Every structure is written in structure tokens, then in C-alpha cells.
file structure.cif (mmCIF, C-alpha atoms, pLDDT in the B column; chains and numbers go by the auth columns)
data_final
#
loop_
_atom_site.group_PDB
_atom_site.id
_atom_site.type_symbol
_atom_site.label_atom_id
_atom_site.label_comp_id
_atom_site.label_asym_id
_atom_site.label_seq_id
_atom_site.Cartn_x
_atom_site.Cartn_y
_atom_site.Cartn_z
_atom_site.B_iso_or_equiv
_atom_site.auth_seq_id
_atom_site.auth_asym_id
ATOM 1 C CA MET A 1 177.081 75.233 111.091 57.00 116 A
ATOM 2 C CA GLU A 2 175.398 76.321 107.846 58.00 117 A
ATOM 3 C CA HIS A 3 172.698 74.247 106.172 56.00 118 A
ATOM 4 C CA THR A 4 170.081 74.706 103.539 57.00 119 A
ATOM 5 C CA ILE A 5 166.538 74.215 104.770 59.00 120 A
ATOM 6 C CA GLU A 6 166.417 70.855 103.008 65.00 121 A
ATOM 7 C CA GLU A 7 169.629 69.758 104.760 83.00 122 A
ATOM 8 C CA ILE A 8 168.591 70.603 108.312 90.00 123 A
ATOM 9 C CA HIS A 9 168.076 67.447 110.353 95.00 124 A
ATOM 10 C CA ILE A 10 166.671 69.047 113.479 97.00 125 A
ATOM 11 C CA GLY A 11 167.036 65.920 115.612 98.00 126 A
ATOM 12 C CA LYS A 12 170.769 65.767 114.935 97.00 127 A
ATOM 13 C CA GLU A 13 171.065 69.466 115.730 97.00 128 A
ATOM 14 C CA ILE A 14 169.264 68.985 119.049 98.00 129 A
ATOM 15 C CA LYS A 15 171.515 66.057 119.925 98.00 130 A
ATOM 16 C CA ARG A 16 174.589 68.136 119.000 98.00 131 A
ATOM 17 C CA ILE A 17 173.545 70.984 121.295 98.00 132 A
ATOM 18 C CA VAL A 18 172.794 68.605 124.178 98.00 133 A
ATOM 19 C CA LYS A 19 176.278 67.148 123.771 98.00 134 A
ATOM 20 C CA GLU A 20 177.958 70.569 123.379 98.00 135 A
ATOM 21 C CA GLN A 21 176.339 71.689 126.619 98.00 136 A
ATOM 22 C CA GLY A 22 177.663 68.603 128.392 98.00 137 A
ATOM 23 C CA ARG A 23 174.167 67.454 129.214 98.00 138 A
ATOM 24 C CA GLN A 24 172.735 63.952 129.217 97.00 139 A
ATOM 25 C CA THR A 25 169.632 62.724 127.422 97.00 140 A
ATOM 26 C CA GLN A 26 168.165 61.805 130.799 98.00 141 A
ATOM 27 C CA TRP A 27 168.559 65.425 131.960 98.00 142 A
ATOM 28 C CA LEU A 28 166.634 66.684 128.918 98.00 143 A
ATOM 29 C CA ALA A 29 163.935 64.052 129.386 98.00 144 A
ATOM 30 C CA GLU A 30 163.445 65.108 133.004 98.00 145 A
ATOM 31 C CA LYS A 31 163.489 68.802 132.087 97.00 146 A
ATOM 32 C CA LEU A 32 160.688 68.251 129.553 97.00 147 A
ATOM 33 C CA ASN A 33 158.874 65.622 131.608 97.00 148 A
ATOM 34 C CA TYR A 34 159.341 63.124 128.758 97.00 149 A
ATOM 35 C CA ASP A 35 160.420 59.527 128.788 97.00 150 A
ATOM 36 C CA ARG A 36 164.076 59.146 127.765 97.00 151 A
ATOM 37 C CA ASN A 37 162.995 57.041 124.776 98.00 152 A
ATOM 38 C CA ASN A 38 160.960 60.006 123.480 97.00 153 A
ATOM 39 C CA ILE A 39 164.144 62.089 123.423 98.00 154 A
ATOM 40 C CA TYR A 40 165.974 59.385 121.470 98.00 155 A
ATOM 41 C CA ASP A 41 163.048 59.431 119.025 98.00 156 A
ATOM 42 C CA ILE A 42 163.411 63.218 118.681 98.00 157 A
ATOM 43 C CA TYR A 43 167.110 62.794 117.840 98.00 158 A
ATOM 44 C CA LYS A 44 166.070 60.656 114.833 98.00 159 A
ATOM 45 C CA ARG A 45 163.593 63.180 113.419 96.00 160 A
ATOM 46 C CA ARG A 46 164.342 65.357 110.412 95.00 161 A
ATOM 47 C CA TYR A 47 161.249 67.471 111.180 94.00 162 A
ATOM 48 C CA ILE A 48 159.570 68.345 114.467 95.00 163 A
ATOM 49 C CA ASP A 49 156.406 70.037 115.718 96.00 164 A
ATOM 50 C CA THR A 50 157.019 73.716 116.456 96.00 165 A
ATOM 51 C CA GLY A 51 155.536 73.440 119.942 97.00 166 A
ATOM 52 C CA VAL A 52 158.022 70.717 120.834 97.00 167 A
ATOM 53 C CA LEU A 53 160.823 72.712 119.227 98.00 168 A
ATOM 54 C CA LEU A 54 159.893 75.706 121.364 98.00 169 A
ATOM 55 C CA ARG A 55 160.018 73.589 124.525 98.00 170 A
ATOM 56 C CA LEU A 56 163.423 72.226 123.499 98.00 171 A
ATOM 57 C CA SER A 57 164.685 75.727 122.721 98.00 172 A
ATOM 58 C CA ASN A 58 163.618 76.923 126.168 98.00 173 A
ATOM 59 C CA ALA A 59 165.010 73.892 127.999 98.00 174 A
ATOM 60 C CA LEU A 60 168.389 74.131 126.269 98.00 175 A
ATOM 61 C CA GLU A 61 168.390 77.936 126.064 98.00 176 A
ATOM 62 C CA TYR A 62 169.184 77.655 122.355 98.00 177 A
ATOM 63 C CA ASP A 63 167.201 79.119 119.457 97.00 178 A
ATOM 64 C CA PHE A 64 166.647 76.169 117.127 96.00 179 A
ATOM 65 C CA PHE A 65 164.286 78.314 115.069 95.00 180 A
ATOM 66 C CA ALA A 66 167.296 80.425 114.073 93.00 181 A
ATOM 67 C CA LEU A 67 168.583 77.500 111.999 91.00 182 A
ATOM 68 C CA TYR A 68 165.565 77.972 109.760 88.00 183 A
ATOM 69 C CA SER A 69 165.241 81.754 109.873 87.00 184 A
ATOM 70 C CA GLN A 70 168.867 82.190 108.774 81.00 185 A
ATOM 71 C CA GLN A 71 168.040 80.205 105.639 77.00 186 A
ATOM 72 C CA ILE A 72 164.882 82.206 104.994 74.00 187 A
ATOM 73 C CA ASN A 73 166.818 85.460 105.275 65.00 188 A
ATOM 74 C CA LYS A 74 169.500 84.198 102.853 66.00 189 A
ATOM 75 C CA HIS A 75 166.928 83.170 100.252 60.00 190 A
ATOM 76 C CA ALA A 76 165.006 86.456 100.582 59.00 191 A
ATOM 77 C CA LYS A 77 168.018 88.561 99.542 56.00 192 A
#
call {"tool": "encode", "arguments": {"input": "structure.cif", "output": "C-alpha cells"}}
result
Amino acid sequence: MEHTIEEIHIGKEIKRIVKEQGRQTQWLAEKLNYDRNNIYDIYKRRYIDTGVLLRLSNALEYDFFALYSQQINKHAK
């Protein structure tokens, strides 16, 4: 799914990947040692701390940073 940097809603992207992988929010919460409500809060965020994004990327084995770097590479050309 292509986005511009301004259009990326990282919380929605995280939720999409969780769903695509057939995982539950509770699974992700346990994996990160977070309360389930914290994960629901993450799903609502347009922006997220890079440390948290790294933990999510590792837990889901998905490079969320690539969503941004693809846009940087497009704009650099």
C-alpha cells in the first residue's frame, strides 16, 4: 500500500498487519508486555515513538520503518 509521508497513519498500518497475520491484540500486548488498552491506543496514533515502533517491528517481524523510507527514497529522486 503506497502512501505519502503525510498520509501514513502508523497505528492503522500496525492494526492492518496484526490482522493480516491472523493475530489478536491480546497476543501483541502479551508479546510486548503491554496492557491491551495500550495497544488499542497505538492503533489510534498517526505518529509513534521510534523505540516503540522498533519493538512492534520486531514483535510482528515487519519493517514499519520501510513505510517511511520508501517515501524518502521517492522524494530524493
call {"tool": "residues_around", "arguments": {"input": "structure.cif", "residues": "Lys127 in chain A", "least_positions_apart": "5", "cutoff": "9 Å", "atoms": "only C-alpha atoms", "output": "list in words"}}
result
Ile132, Ile157, Tyr158, Lys159, Arg160 and Arg161 of chain A
call {"tool": "closest_residue", "arguments": {"input": "structure.cif", "among": "A:Lys146, A:Ile125, A:Arg151, A:Ala181", "to": "Asp164 in chain A", "atoms": "all atoms listed in the file"}}
result
A:Ile125
call {"tool": "resolve_selection", "arguments": {"input": "structure.cif", "expression": "the PyMOL selection byres ((chain A and resi 141) around 10)", "output": "list in words"}}
result
Arg138, Gln139, Thr140, Trp142, Leu143, Ala144, Glu145, Lys146, Leu147, Tyr149, Asp150, Arg151, Asn152, Ile154 and Tyr155 of chain A
call {"tool": "resolve_selection", "arguments": {"input": "structure.cif", "expression": "the PyMOL selection byres ((chain A and resi 167-169) around 10)", "output": "PyMOL selection string"}}
result
chain A and resi 125-126+129+147+157+162-166+170-180
call {"tool": "write_last_selection", "arguments": {"input": "structure.cif", "atoms": "C-alpha atoms", "output": "compact mmCIF listing (two decimals), keeping the file's coordinate frame"}}
result
# COMPACT_ATOMS: atom_id res chain seq x y z
CA ILE A 125 166.67 69.05 113.48
CA GLY A 126 167.04 65.92 115.61
CA ILE A 129 169.26 68.98 119.05
CA LEU A 147 160.69 68.25 129.55
CA ILE A 157 163.41 63.22 118.68
CA TYR A 162 161.25 67.47 111.18
CA ILE A 163 159.57 68.34 114.47
CA ASP A 164 156.41 70.04 115.72
CA THR A 165 157.02 73.72 116.46
CA GLY A 166 155.54 73.44 119.94
CA ARG A 170 160.02 73.59 124.52
CA LEU A 171 163.42 72.23 123.50
CA SER A 172 164.68 75.73 122.72
CA ASN A 173 163.62 76.92 126.17
CA ALA A 174 165.01 73.89 128.00
CA LEU A 175 168.39 74.13 126.27
CA GLU A 176 168.39 77.94 126.06
CA TYR A 177 169.18 77.66 122.36
CA ASP A 178 167.20 79.12 119.46
CA PHE A 179 166.65 76.17 117.13
CA PHE A 180 164.29 78.31 115.07
call {"tool": "axis_aligned_box", "arguments": {"input": "structure.cif", "around": "range 130-135 of chain A", "padding_each_side": "8 Å", "output": "AutoDock Vina command-line options"}}
result
--center_x 174.7 --center_y 68.5 --center_z 121.6 --size_x 22.4 --size_y 20.9 --size_z 21.2
call {"tool": "atom_distance", "arguments": {"input": "structure.cif", "atom1": "CA of Glu135 in chain A", "atom2": "CA of Ser184 in chain A"}}
result
21.7 Å
call {"tool": "closest_residue", "arguments": {"input": "structure.cif", "among": "A:Lys134, A:His124, A:Asn153, A:Asn148", "to": "Leu182 in chain A", "atoms": "all atoms listed in the file"}}
result
A:His124
